[in-house]
Every structure is written in structure tokens, then in C-alpha cells.
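Below is one structure; the comments refer to it alone.
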2 protein chains.
Amino acid sequence: MDAELIKNRFKDFLRSKGKNITPERMDILSEVLNQKGHFKIEDIILKMSEAKNPISRATVYRSIKKIEEAGLIKYIRISNDEKVYEIQTEHHDHMICEKCGNIIEFHNEELEILQNAICRSFAFTPHHHTMKIFGLCEKCKK
Amino acid sequence: MDAELIKNRFKDFLRSKGKNITPERMDILSEVLNQKGHFKIEDIILKMSEAKNPISRATVYRSIKKIEEAGLIKYIRISNDEKVYEIQTEHHDHMICEKCGNIIEFHNEELEILQNAICRSFAFTPHHHTMKIFGLCEKCKK
DNA sequence: ATATAATTGAGATTTATTCTCAATTATTCT
DNA sequence: AGAATAATTGAGAATAAATCTCAATTATAT
């Protein structure tokens, strides 16, 4: 939530990997933190190309990848050719409205417990999971 | 399970859409039904290019799409740039071993019920969902 | 059989992303 | 602080999966 904290985490990540802290990387992270809700990489590319210190497409891709590696953002694939990013908070799953495209985040502890139980029954050691429910949100149902 | 049944379903689908039943489409479906477990579109493209009546890459893509539309196969995205297809059976979810790539299919009715309950609490009408659990399978754990 | 409409193959095109490499900039070492 | 070293950047080329184009071929309906 606190942008400064996140920026510091990113700096720490870069240092820990022996990577440089550059204005380009920090500017891109700032723009990411400015986004409301889910965003596409093209949104960031556009913003950065219009900024007072424009940053190239290649650098946006490279920096977004680093921010992702740092665990600060992640993406959800909402269709075969659409990825949207979100700032990483606690783990949650997604409901995606097939009509309006709205993405609802939810977390349900019972679900997590059940998933772990299912994994145990297969002697499978879970690391992480993704669950997406596609359907119609309340508004679009009407 | 019965290949002839599936082929007839595909023919019905094509007819219902006013599409032609062509040897290319039927040969590609046959090759799909020959696959053991999960397969990649490149596997099919390779096989068809080596067949006695070779079929082009474009036609494989077009036919696979039709077979998918007919509800006979579907794909799972196992990583950012890897899709694998499977023959459509009853609904199930997947566990994917991050080490050996093995895909375990599972179905759990409790999970489905819980998902529906969660959707209800958001006034969300679910149509379908995907769930993938990434981790280590029994063998790779050791 | 013929006419009409659909399909095919081959290669061009598209789109998202990554790569290349010379020029620039950050960091490290005195 | 300044030089040396290593990393990063921008611009455009390259890549890869999938789709499109269009003339030639084939399936279907009459």
C-alpha cells in the first residue's frame, strides 16, 4: 500500500541481485504504483513514452519483468491474448466477468484448506495456484 | 473414449455450422485422437507434415480451432508460452509438476460446491473455471 | 454434372516480446 | 573526485505463435 515501502523493496531487490538502481526503473515502478486496479503493459508503455523523460518500450518490458521477479506485481491471463497486471498483495483468486471484463478478487480460506487436502491425497506438494472463475457479474446478469 | 463417436460428433458439429467435412479435418482429428495424454499443436503439425497426405500448418491451426469449438478438446496454459491440449472429458482441474512437467488431473465435488457458494456470495454467476496448482509431484519431491 | 460456396496451401503478416549492439550511465576502486 | 569497469538504455532488428490473403482446389447442393 505504501508506495515508498514498495520502492524500497524494489531497490533492495535490485541491490540483492547486483543490478543498478536507475531512474528508468524507478520511474516505471512509480507509474505502476499510480495505476488504479489492473493494468496492461501497453498502458505503462504509453505513459512512459509521453513522460517528460520518455522511456523506451524495451526498457518498460525489461523493468516490468524485474518488478515481477521482485514479487511486487504479477499478471493474470484473462484470455488467450490478454494479460493484465496487478500489484501484489495477499494471495487471492479471481472472478472475471465475461461481459464487462471486470475482475473481482476474492480470498477464501476454506478453499485453500481444501486445495491443500486434495494435494495431500495425491502426494503433491503445492507451491502456488491460480484459479479463475469466468461468468457474469451482478450488474451484467440483469 | 470411442474414437468413432467423437468423429461423428465432429461431423455433426461441422454440419450444424454449415462447414464441410473434409479429409484434412478428419485426418487431423484422427491424429488428435491418437495422442496419448496431453499434446502440443506442434506435435500435430509435425505428424501431419510427415503424413502420406501432408497437411499444412495453417490448416492444422484452423482445424484444431474447429475441434476446440466443437468442445472435443481444450487447452491448458502451463506457462507463459506453453499450451497443451487434452481431449475433453468430464470437467477437471490440474496439478502441474514444476520439475518434470507432469500434469495430474483431478476432480473434487466439494471444491465445485464451495466455488459455487463463493460465487453466490458475490452475486457472480459462474460459467466455467480453471484451476491450476503448481508444485512438485510425488516422484520429484524425493 | 454443374454451379456455388467453402477450404486449402504457401507464404506474407501480425502482435507481443525479446534480442543486438553501440552509446550512455551507474557503481566501484583508488 | 576521477578513472575504470560493468550494467543499462534506446532504436530497430529478430523471433515465434498464430492469423490472414488469395489463387487454386474440393465439397456440397441442385
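Chain labels run A, B, ... following the order of the C-alpha cells; each chain numbers its residues from 1, and ligands are numbered from 1 in the order shown.
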
Output, as a tab-separated table (two decimals) with N, CA and C atoms, in the first residue's frame, the coordinates of chain A following least-squares superposition onto chain B across all in-order C-alpha pairs.
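Writing done, so here's out04.tsv:
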```tsv
chain	number	residue	atom	x	y	z
A	1	MET	N	-14.22	-41.34	-25.31
A	1	MET	CA	-13.36	-42.54	-25.35
A	1	MET	C	-13.44	-43.24	-26.71
A	2	ASP	N	-14.67	-43.38	-27.20
A	2	ASP	CA	-14.83	-44.05	-28.49
A	2	ASP	C	-14.54	-43.09	-29.63
A	3	ALA	N	-13.47	-43.38	-30.32
A	3	ALA	CA	-13.03	-42.47	-31.39
A	3	ALA	C	-14.10	-42.25	-32.44
A	4	GLU	N	-14.82	-43.30	-32.78
A	4	GLU	CA	-15.85	-43.16	-33.82
A	4	GLU	C	-16.94	-42.19	-33.39
A	5	LEU	N	-17.30	-42.29	-32.12
A	5	LEU	CA	-18.31	-41.40	-31.57
A	5	LEU	C	-17.86	-39.95	-31.66
A	6	ILE	N	-16.61	-39.73	-31.29
A	6	ILE	CA	-16.07	-38.37	-31.31
A	6	ILE	C	-16.03	-37.85	-32.74
A	7	LYS	N	-15.63	-38.70	-33.66
A	7	LYS	CA	-15.60	-38.28	-35.07
A	7	LYS	C	-17.00	-37.92	-35.56
A	8	ASN	N	-17.96	-38.67	-35.12
A	8	ASN	CA	-19.32	-38.35	-35.52
A	8	ASN	C	-19.80	-37.04	-34.91
A	9	ARG	N	-19.39	-36.83	-33.68
A	9	ARG	CA	-19.75	-35.55	-33.06
A	9	ARG	C	-19.15	-34.39	-33.83
A	10	PHE	N	-17.93	-34.59	-34.29
A	10	PHE	CA	-17.28	-33.52	-35.04
A	10	PHE	C	-18.00	-33.29	-36.36
A	11	LYS	N	-18.36	-34.38	-37.00
A	11	LYS	CA	-19.11	-34.23	-38.27
A	11	LYS	C	-20.42	-33.49	-38.03
A	12	ASP	N	-21.09	-33.85	-36.96
A	12	ASP	CA	-22.36	-33.17	-36.65
A	12	ASP	C	-22.13	-31.69	-36.41
A	13	PHE	N	-21.04	-31.41	-35.68
A	13	PHE	CA	-20.71	-30.02	-35.39
A	13	PHE	C	-20.49	-29.25	-36.69
A	14	LEU	N	-19.70	-29.83	-37.57
A	14	LEU	CA	-19.39	-29.16	-38.84
A	14	LEU	C	-20.68	-28.93	-39.63
A	15	ARG	N	-21.49	-29.95	-39.72
A	15	ARG	CA	-22.76	-29.80	-40.45
A	15	ARG	C	-23.61	-28.71	-39.82
A	16	SER	N	-23.67	-28.71	-38.50
A	16	SER	CA	-24.53	-27.74	-37.82
A	16	SER	C	-24.07	-26.31	-38.07
A	17	LYS	N	-22.78	-26.15	-38.40
A	17	LYS	CA	-22.25	-24.82	-38.66
A	17	LYS	C	-22.17	-24.53	-40.16
A	18	GLY	N	-22.68	-25.46	-40.96
A	18	GLY	CA	-22.62	-25.27	-42.41
A	18	GLY	C	-21.21	-25.36	-42.96
A	19	LYS	N	-20.34	-26.11	-42.25
A	19	LYS	CA	-18.96	-26.26	-42.70
A	19	LYS	C	-18.81	-27.63	-43.36
A	20	ASN	N	-17.85	-27.72	-44.24
A	20	ASN	CA	-17.66	-28.98	-44.95
A	20	ASN	C	-16.88	-30.01	-44.15
A	21	ILE	N	-17.21	-31.26	-44.41
A	21	ILE	CA	-16.45	-32.36	-43.83
A	21	ILE	C	-15.36	-32.71	-44.83
A	22	THR	N	-14.13	-32.42	-44.47
A	22	THR	CA	-13.03	-32.64	-45.42
A	22	THR	C	-12.07	-33.69	-44.88
A	23	PRO	N	-11.34	-34.34	-45.77
A	23	PRO	CA	-10.35	-35.33	-45.31
A	23	PRO	C	-9.32	-34.69	-44.38
A	24	GLU	N	-8.92	-33.46	-44.67
A	24	GLU	CA	-7.93	-32.78	-43.82
A	24	GLU	C	-8.45	-32.70	-42.38
A	25	ARG	N	-9.68	-32.22	-42.22
A	25	ARG	CA	-10.24	-32.07	-40.88
A	25	ARG	C	-10.35	-33.41	-40.17
A	26	MET	N	-10.78	-34.42	-40.90
A	26	MET	CA	-10.96	-35.72	-40.26
A	26	MET	C	-9.61	-36.37	-39.93
A	27	ASP	N	-8.63	-36.16	-40.80
A	27	ASP	CA	-7.29	-36.72	-40.55
A	27	ASP	C	-6.67	-36.07	-39.31
A	28	ILE	N	-6.87	-34.77	-39.19
A	28	ILE	CA	-6.30	-34.06	-38.04
A	28	ILE	C	-6.99	-34.53	-36.76
A	29	LEU	N	-8.29	-34.68	-36.81
A	29	LEU	CA	-8.99	-35.19	-35.63
A	29	LEU	C	-8.48	-36.60	-35.27
A	30	SER	N	-8.27	-37.44	-36.28
A	30	SER	CA	-7.75	-38.79	-36.02
A	30	SER	C	-6.41	-38.73	-35.31
A	31	GLU	N	-5.56	-37.84	-35.79
A	31	GLU	CA	-4.24	-37.72	-35.17
A	31	GLU	C	-4.37	-37.22	-33.73
A	32	VAL	N	-5.27	-36.31	-33.50
A	32	VAL	CA	-5.52	-35.81	-32.14
A	32	VAL	C	-5.95	-36.99	-31.25
A	33	LEU	N	-6.80	-37.82	-31.77
A	33	LEU	CA	-7.32	-38.94	-30.98
A	33	LEU	C	-6.25	-40.01	-30.75
A	34	ASN	N	-5.22	-39.99	-31.57
A	34	ASN	CA	-4.10	-40.91	-31.40
A	34	ASN	C	-3.17	-40.51	-30.27
A	35	GLN	N	-3.21	-39.24	-29.91
A	35	GLN	CA	-2.28	-38.74	-28.91
A	35	GLN	C	-2.54	-39.39	-27.56
A	36	LYS	N	-1.46	-39.66	-26.87
A	36	LYS	CA	-1.57	-40.20	-25.51
A	36	LYS	C	-1.45	-39.02	-24.55
A	37	GLY	N	-2.48	-38.78	-23.79
A	37	GLY	CA	-2.41	-37.69	-22.81
A	37	GLY	C	-2.37	-36.32	-23.45
A	38	HIS	N	-1.55	-35.44	-22.89
A	38	HIS	CA	-1.52	-34.05	-23.36
A	38	HIS	C	-0.60	-33.91	-24.56
A	39	PHE	N	-0.96	-33.01	-25.42
A	39	PHE	CA	-0.14	-32.82	-26.64
A	39	PHE	C	-0.09	-31.35	-27.00
A	40	LYS	N	0.91	-31.03	-27.81
A	40	LYS	CA	1.08	-29.67	-28.28
A	40	LYS	C	0.68	-29.60	-29.74
A	41	ILE	N	0.30	-28.42	-30.17
A	41	ILE	CA	-0.11	-28.30	-31.56
A	41	ILE	C	1.06	-28.63	-32.48
A	42	GLU	N	2.28	-28.34	-32.05
A	42	GLU	CA	3.44	-28.66	-32.89
A	42	GLU	C	3.57	-30.16	-33.13
A	43	ASP	N	3.16	-30.96	-32.14
A	43	ASP	CA	3.19	-32.41	-32.32
A	43	ASP	C	2.31	-32.80	-33.51
A	44	ILE	N	1.16	-32.17	-33.57
A	44	ILE	CA	0.20	-32.51	-34.64
A	44	ILE	C	0.70	-31.98	-35.98
A	45	ILE	N	1.25	-30.77	-35.96
A	45	ILE	CA	1.77	-30.19	-37.19
A	45	ILE	C	2.86	-31.09	-37.77
A	46	LEU	N	3.75	-31.55	-36.89
A	46	LEU	CA	4.84	-32.42	-37.34
A	46	LEU	C	4.29	-33.70	-37.95
A	47	LYS	N	3.40	-34.35	-37.22
A	47	LYS	CA	2.81	-35.61	-37.70
A	47	LYS	C	2.13	-35.42	-39.05
A	48	MET	N	1.38	-34.34	-39.18
A	48	MET	CA	0.63	-34.14	-40.41
A	48	MET	C	1.54	-33.81	-41.58
A	49	SER	N	2.66	-33.17	-41.28
A	49	SER	CA	3.57	-32.83	-42.37
A	49	SER	C	4.30	-34.08	-42.87
A	50	GLU	N	4.37	-35.09	-42.00
A	50	GLU	CA	5.05	-36.35	-42.37
A	50	GLU	C	4.08	-37.40	-42.89
A	51	ALA	N	2.80	-37.11	-42.82
A	51	ALA	CA	1.78	-38.10	-43.20
A	51	ALA	C	1.82	-38.39	-44.69
A	52	LYS	N	1.16	-39.46	-45.10
A	52	LYS	CA	1.16	-39.79	-46.53
A	52	LYS	C	0.45	-38.71	-47.35
A	53	ASN	N	-0.56	-38.08	-46.74
A	53	ASN	CA	-1.17	-36.90	-47.36
A	53	ASN	C	-0.86	-35.69	-46.48
A	54	PRO	N	0.28	-35.09	-46.69
A	54	PRO	CA	0.69	-34.00	-45.79
A	54	PRO	C	-0.34	-32.88	-45.76
A	55	ILE	N	-0.46	-32.29	-44.58
A	55	ILE	CA	-1.41	-31.19	-44.39
A	55	ILE	C	-0.62	-30.00	-43.85
A	56	SER	N	-0.96	-28.84	-44.33
A	56	SER	CA	-0.19	-27.64	-43.98
A	56	SER	C	-0.44	-27.18	-42.55
A	57	ARG	N	0.53	-26.43	-42.08
A	57	ARG	CA	0.47	-25.81	-40.76
A	57	ARG	C	-0.81	-24.99	-40.58
A	58	ALA	N	-1.13	-24.18	-41.58
A	58	ALA	CA	-2.30	-23.30	-41.48
A	58	ALA	C	-3.56	-24.13	-41.29
A	59	THR	N	-3.65	-25.21	-42.00
A	59	THR	CA	-4.85	-26.05	-41.90
A	59	THR	C	-4.92	-26.75	-40.55
A	60	VAL	N	-3.77	-27.13	-40.02
A	60	VAL	CA	-3.79	-27.73	-38.68
A	60	VAL	C	-4.32	-26.72	-37.68
A	61	TYR	N	-3.82	-25.52	-37.72
A	61	TYR	CA	-4.32	-24.48	-36.81
A	61	TYR	C	-5.82	-24.28	-36.99
A	62	ARG	N	-6.24	-24.19	-38.24
A	62	ARG	CA	-7.66	-23.94	-38.48
A	62	ARG	C	-8.52	-25.10	-37.99
A	63	SER	N	-8.06	-26.29	-38.19
A	63	SER	CA	-8.87	-27.45	-37.80
A	63	SER	C	-8.89	-27.65	-36.29
A	64	ILE	N	-7.74	-27.44	-35.66
A	64	ILE	CA	-7.69	-27.57	-34.20
A	64	ILE	C	-8.66	-26.57	-33.57
A	65	LYS	N	-8.72	-25.39	-34.15
A	65	LYS	CA	-9.65	-24.39	-33.64
A	65	LYS	C	-11.09	-24.88	-33.76
A	66	LYS	N	-11.39	-25.52	-34.87
A	66	LYS	CA	-12.75	-26.05	-35.05
A	66	LYS	C	-13.03	-27.17	-34.06
A	67	ILE	N	-12.06	-28.04	-33.85
A	67	ILE	CA	-12.26	-29.17	-32.93
A	67	ILE	C	-12.48	-28.63	-31.51
A	68	GLU	N	-11.79	-27.56	-31.23
A	68	GLU	CA	-11.95	-26.90	-29.94
A	68	GLU	C	-13.35	-26.27	-29.83
A	69	GLU	N	-13.76	-25.59	-30.88
A	69	GLU	CA	-15.10	-24.98	-30.88
A	69	GLU	C	-16.18	-26.04	-30.72
A	70	ALA	N	-15.89	-27.21	-31.24
A	70	ALA	CA	-16.87	-28.30	-31.13
A	70	ALA	C	-16.91	-28.86	-29.71
A	71	GLY	N	-15.99	-28.39	-28.88
A	71	GLY	CA	-15.97	-28.85	-27.49
A	71	GLY	C	-15.33	-30.21	-27.31
A	72	LEU	N	-14.52	-30.63	-28.27
A	72	LEU	CA	-13.93	-31.97	-28.21
A	72	LEU	C	-12.54	-31.96	-27.58
A	73	ILE	N	-11.88	-30.82	-27.66
A	73	ILE	CA	-10.59	-30.66	-26.99
A	73	ILE	C	-10.57	-29.31	-26.29
A	74	LYS	N	-9.63	-29.14	-25.40
A	74	LYS	CA	-9.40	-27.83	-24.82
A	74	LYS	C	-7.93	-27.71	-24.48
A	75	TYR	N	-7.52	-26.50	-24.16
A	75	TYR	CA	-6.10	-26.38	-23.84
A	75	TYR	C	-5.93	-25.85	-22.43
A	76	ILE	N	-4.77	-26.14	-21.89
A	76	ILE	CA	-4.36	-25.63	-20.59
A	76	ILE	C	-3.08	-24.85	-20.86
A	77	ARG	N	-2.98	-23.67	-20.28
A	77	ARG	CA	-1.75	-22.93	-20.44
A	77	ARG	C	-0.87	-23.30	-19.26
A	78	ILE	N	0.25	-23.97	-19.53
A	78	ILE	CA	1.06	-24.43	-18.43
A	78	ILE	C	2.18	-23.45	-18.10
A	79	SER	N	2.44	-22.52	-19.00
A	79	SER	CA	3.36	-21.43	-18.67
A	79	SER	C	3.05	-20.33	-19.65
A	80	ASN	N	3.77	-19.25	-19.50
A	80	ASN	CA	3.47	-18.09	-20.31
A	80	ASN	C	3.47	-18.40	-21.80
A	81	ASP	N	4.35	-19.30	-22.20
A	81	ASP	CA	4.43	-19.57	-23.63
A	81	ASP	C	4.31	-21.05	-23.96
A	82	GLU	N	3.54	-21.74	-23.16
A	82	GLU	CA	3.31	-23.16	-23.45
A	82	GLU	C	1.85	-23.51	-23.24
A	83	LYS	N	1.26	-24.02	-24.31
A	83	LYS	CA	-0.12	-24.48	-24.25
A	83	LYS	C	-0.11	-25.97	-24.52
A	84	VAL	N	-0.87	-26.73	-23.77
A	84	VAL	CA	-1.03	-28.14	-24.13
A	84	VAL	C	-2.52	-28.43	-24.25
A	85	TYR	N	-2.83	-29.29	-25.19
A	85	TYR	CA	-4.22	-29.66	-25.43
A	85	TYR	C	-4.52	-30.99	-24.77
A	86	GLU	N	-5.79	-31.19	-24.48
A	86	GLU	CA	-6.23	-32.49	-24.00
A	86	GLU	C	-7.60	-32.76	-24.58
A	87	ILE	N	-7.92	-34.04	-24.70
A	87	ILE	CA	-9.24	-34.40	-25.18
A	87	ILE	C	-10.21	-34.12	-24.05
A	88	GLN	N	-11.32	-33.52	-24.40
A	88	GLN	CA	-12.29	-33.09	-23.41
A	88	GLN	C	-13.05	-34.29	-22.83
A	89	THR	N	-12.96	-34.42	-21.53
A	89	THR	CA	-13.76	-35.46	-20.86
A	89	THR	C	-14.64	-34.73	-19.85
A	90	GLU	N	-14.84	-35.29	-18.69
A	90	GLU	CA	-15.60	-34.54	-17.69
A	90	GLU	C	-14.71	-33.39	-17.20
A	91	HIS	N	-15.36	-32.41	-16.60
A	91	HIS	CA	-14.60	-31.28	-16.08
A	91	HIS	C	-13.60	-31.74	-15.01
A	92	HIS	N	-12.42	-31.17	-15.05
A	92	HIS	CA	-11.43	-31.46	-14.01
A	92	HIS	C	-10.45	-30.30	-13.92
A	93	ASP	N	-9.71	-30.28	-12.84
A	93	ASP	CA	-8.68	-29.27	-12.66
A	93	ASP	C	-7.31	-29.94	-12.79
A	94	HIS	N	-6.25	-29.15	-12.62
A	94	HIS	CA	-4.91	-29.68	-12.88
A	94	HIS	C	-3.89	-29.33	-11.81
A	95	MET	N	-3.02	-30.31	-11.58
A	95	MET	CA	-1.82	-30.06	-10.79
A	95	MET	C	-0.67	-30.21	-11.78
A	96	ILE	N	0.25	-29.28	-11.75
A	96	ILE	CA	1.35	-29.31	-12.72
A	96	ILE	C	2.66	-29.35	-11.97
A	97	CYS	N	3.44	-30.39	-12.23
A	97	CYS	CA	4.74	-30.51	-11.54
A	97	CYS	C	5.72	-29.55	-12.18
A	98	GLU	N	6.29	-28.70	-11.35
A	98	GLU	CA	7.21	-27.67	-11.86
A	98	GLU	C	8.56	-28.25	-12.25
A	99	LYS	N	8.81	-29.50	-11.81
A	99	LYS	CA	10.10	-30.10	-12.15
A	99	LYS	C	9.99	-30.94	-13.41
A	100	CYS	N	9.10	-31.92	-13.41
A	100	CYS	CA	9.05	-32.85	-14.54
A	100	CYS	C	7.98	-32.46	-15.56
A	101	GLY	N	7.14	-31.50	-15.21
A	101	GLY	CA	6.14	-31.07	-16.17
A	101	GLY	C	4.91	-31.95	-16.24
A	102	ASN	N	4.92	-32.99	-15.46
A	102	ASN	CA	3.77	-33.91	-15.48
A	102	ASN	C	2.50	-33.18	-15.04
A	103	ILE	N	1.39	-33.55	-15.66
A	103	ILE	CA	0.11	-32.92	-15.37
A	103	ILE	C	-0.83	-33.95	-14.76
A	104	ILE	N	-1.28	-33.67	-13.56
A	104	ILE	CA	-2.21	-34.57	-12.88
A	104	ILE	C	-3.60	-33.96	-12.97
A	105	GLU	N	-4.55	-34.75	-13.42
A	105	GLU	CA	-5.92	-34.25	-13.49
A	105	GLU	C	-6.65	-34.69	-12.24
A	106	PHE	N	-7.48	-33.82	-11.73
A	106	PHE	CA	-8.28	-34.24	-10.58
A	106	PHE	C	-9.64	-33.58	-10.62
A	107	HIS	N	-10.56	-34.21	-9.97
A	107	HIS	CA	-11.89	-33.61	-9.83
A	107	HIS	C	-12.32	-33.78	-8.40
A	108	ASN	N	-12.86	-32.74	-7.82
A	108	ASN	CA	-13.30	-32.83	-6.43
A	108	ASN	C	-14.62	-32.08	-6.30
A	109	GLU	N	-15.62	-32.84	-5.97
A	109	GLU	CA	-16.96	-32.26	-5.96
A	109	GLU	C	-17.14	-31.20	-4.87
A	110	GLU	N	-16.49	-31.47	-3.74
A	110	GLU	CA	-16.55	-30.50	-2.64
A	110	GLU	C	-16.04	-29.14	-3.09
A	111	LEU	N	-14.98	-29.20	-3.84
A	111	LEU	CA	-14.37	-27.97	-4.35
A	111	LEU	C	-15.35	-27.23	-5.26
A	112	GLU	N	-16.02	-27.95	-6.09
A	112	GLU	CA	-16.99	-27.33	-7.00
A	112	GLU	C	-18.12	-26.66	-6.21
A	113	ILE	N	-18.56	-27.38	-5.21
A	113	ILE	CA	-19.66	-26.86	-4.39
A	113	ILE	C	-19.23	-25.58	-3.68
A	114	LEU	N	-18.03	-25.63	-3.14
A	114	LEU	CA	-17.51	-24.46	-2.43
A	114	LEU	C	-17.35	-23.28	-3.38
A	115	GLN	N	-16.84	-23.53	-4.55
A	115	GLN	CA	-16.69	-22.46	-5.54
A	115	GLN	C	-18.03	-21.82	-5.85
A	116	ASN	N	-19.03	-22.64	-6.05
A	116	ASN	CA	-20.35	-22.09	-6.34
A	116	ASN	C	-20.89	-21.26	-5.19
A	117	ALA	N	-20.62	-21.73	-3.99
A	117	ALA	CA	-21.07	-20.97	-2.82
A	117	ALA	C	-20.38	-19.61	-2.77
A	118	ILE	N	-19.08	-19.61	-3.06
A	118	ILE	CA	-18.34	-18.35	-3.05
A	118	ILE	C	-18.91	-17.40	-4.12
A	119	CYS	N	-19.16	-17.93	-5.28
A	119	CYS	CA	-19.75	-17.11	-6.35
A	119	CYS	C	-21.08	-16.52	-5.90
A	120	ARG	N	-21.90	-17.33	-5.29
A	120	ARG	CA	-23.21	-16.84	-4.83
A	120	ARG	C	-23.02	-15.66	-3.89
A	121	SER	N	-22.04	-15.75	-3.02
A	121	SER	CA	-21.84	-14.68	-2.05
A	121	SER	C	-21.41	-13.37	-2.72
A	122	PHE	N	-20.97	-13.46	-3.97
A	122	PHE	CA	-20.62	-12.25	-4.73
A	122	PHE	C	-21.68	-11.95	-5.79
A	123	ALA	N	-22.78	-12.68	-5.74
A	123	ALA	CA	-23.83	-12.55	-6.77
A	123	ALA	C	-23.23	-12.73	-8.16
A	124	PHE	N	-22.24	-13.58	-8.24
A	124	PHE	CA	-21.57	-13.84	-9.51
A	124	PHE	C	-22.09	-15.17	-10.07
A	125	THR	N	-22.42	-15.16	-11.34
A	125	THR	CA	-22.95	-16.38	-11.97
A	125	THR	C	-21.83	-17.09	-12.71
A	126	PRO	N	-21.34	-18.18	-12.18
A	126	PRO	CA	-20.19	-18.85	-12.81
A	126	PRO	C	-20.60	-19.61	-14.06
A	127	HIS	N	-19.76	-19.54	-15.08
A	127	HIS	CA	-19.97	-20.35	-16.28
A	127	HIS	C	-18.98	-21.50	-16.32
A	128	HIS	N	-17.74	-21.15	-16.08
A	128	HIS	CA	-16.72	-22.20	-16.04
A	128	HIS	C	-15.52	-21.65	-15.28
A	129	HIS	N	-14.61	-22.52	-14.93
A	129	HIS	CA	-13.45	-22.04	-14.22
A	129	HIS	C	-12.22	-22.86	-14.59
A	130	THR	N	-11.06	-22.33	-14.24
A	130	THR	CA	-9.84	-23.09	-14.40
A	130	THR	C	-9.08	-22.97	-13.10
A	131	MET	N	-8.51	-24.07	-12.69
A	131	MET	CA	-7.68	-24.03	-11.50
A	131	MET	C	-6.44	-24.85	-11.78
A	132	LYS	N	-5.31	-24.25	-11.51
A	132	LYS	CA	-4.04	-24.94	-11.72
A	132	LYS	C	-3.24	-24.82	-10.44
A	133	ILE	N	-2.77	-25.95	-9.95
A	133	ILE	CA	-1.91	-25.94	-8.77
A	133	ILE	C	-0.51	-26.32	-9.23
A	134	PHE	N	0.44	-25.45	-9.00
A	134	PHE	CA	1.82	-25.73	-9.38
A	134	PHE	C	2.58	-26.20	-8.15
A	135	GLY	N	3.45	-27.17	-8.33
A	135	GLY	CA	4.22	-27.68	-7.21
A	135	GLY	C	5.07	-28.86	-7.64
A	136	LEU	N	5.26	-29.80	-6.72
A	136	LEU	CA	6.10	-30.97	-7.03
A	136	LEU	C	5.30	-32.25	-6.87
A	137	CYS	N	5.41	-33.11	-7.86
A	137	CYS	CA	4.73	-34.39	-7.78
A	137	CYS	C	5.51	-35.32	-6.85
A	138	GLU	N	4.90	-36.43	-6.53
A	138	GLU	CA	5.46	-37.36	-5.55
A	138	GLU	C	6.91	-37.74	-5.89
A	139	LYS	N	7.13	-38.13	-7.13
A	139	LYS	CA	8.48	-38.55	-7.56
A	139	LYS	C	9.51	-37.44	-7.40
A	140	CYS	N	9.12	-36.25	-7.85
A	140	CYS	CA	10.10	-35.15	-7.87
A	140	CYS	C	10.36	-34.59	-6.47
A	141	LYS	N	9.46	-34.85	-5.57
A	141	LYS	CA	9.62	-34.41	-4.20
A	141	LYS	C	10.83	-35.07	-3.55
A	142	LYS	N	11.02	-36.33	-3.87
A	142	LYS	CA	12.06	-37.15	-3.23
A	142	LYS	C	13.49	-36.66	-3.53
```

>> Residues near DA4 of chain D, anyone? I mean within 10 Å using only C-alpha atoms (C1' of nucleotides), not counting same-chain ones fewer than 2 positions away, as a list in words.
In response: DT28, DC29 and DT30 of chain C; DG2 and DA6 of chain D

Kindly provide the residues of chain D that approach chain A to within 8 Å, each paired with its closest atom pair and their distance in Å to one decimal, based on only C-alpha atoms (C1' of nucleotides), listed by chain and increasing number, as a Markdown table.
```
| residue | atom | partner | partner_atom | distance |
| --- | --- | --- | --- | --- |
| D:DA7 | C1' | A:Asn20 | CA | 6.9 |
| D:DT9 | C1' | A:Thr59 | CA | 7.1 |
| D:DG10 | C1' | A:Ser56 | CA | 6.2 |
```

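The residue set within 12 Å of DA16 of chain D, counting only C-alpha atoms (C1' of nucleotides) and dropping same-chain residues fewer than 5 places from it, reads Asp81 and Glu82 of chain B; DT14, DT15, DA16, DT17 and DT18 of chain C.
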
> What residues in chain B get the DSSP label helix (DSSP H, G or I)? Please answer as a PyMOL selection string.
Replying inline: chain B and resi 3-16+23-34+41-50+57-69+109-121+138-141

>> With only C-alpha atoms (C1' of nucleotides) considered, list every residue of chain C at most 12 Å from chain B, as a list of chain:residue names.
In response: C:DA5, C:DA6, C:DT7, C:DT8, C:DG9, C:DA10, C:DG11, C:DA16, C:DT17

> Which residues in segment 23-81 of chain B does DSSP call strand (DSSP E)? List them as a PyMOL selection string.
Replying inline: chain B and resi 73-79
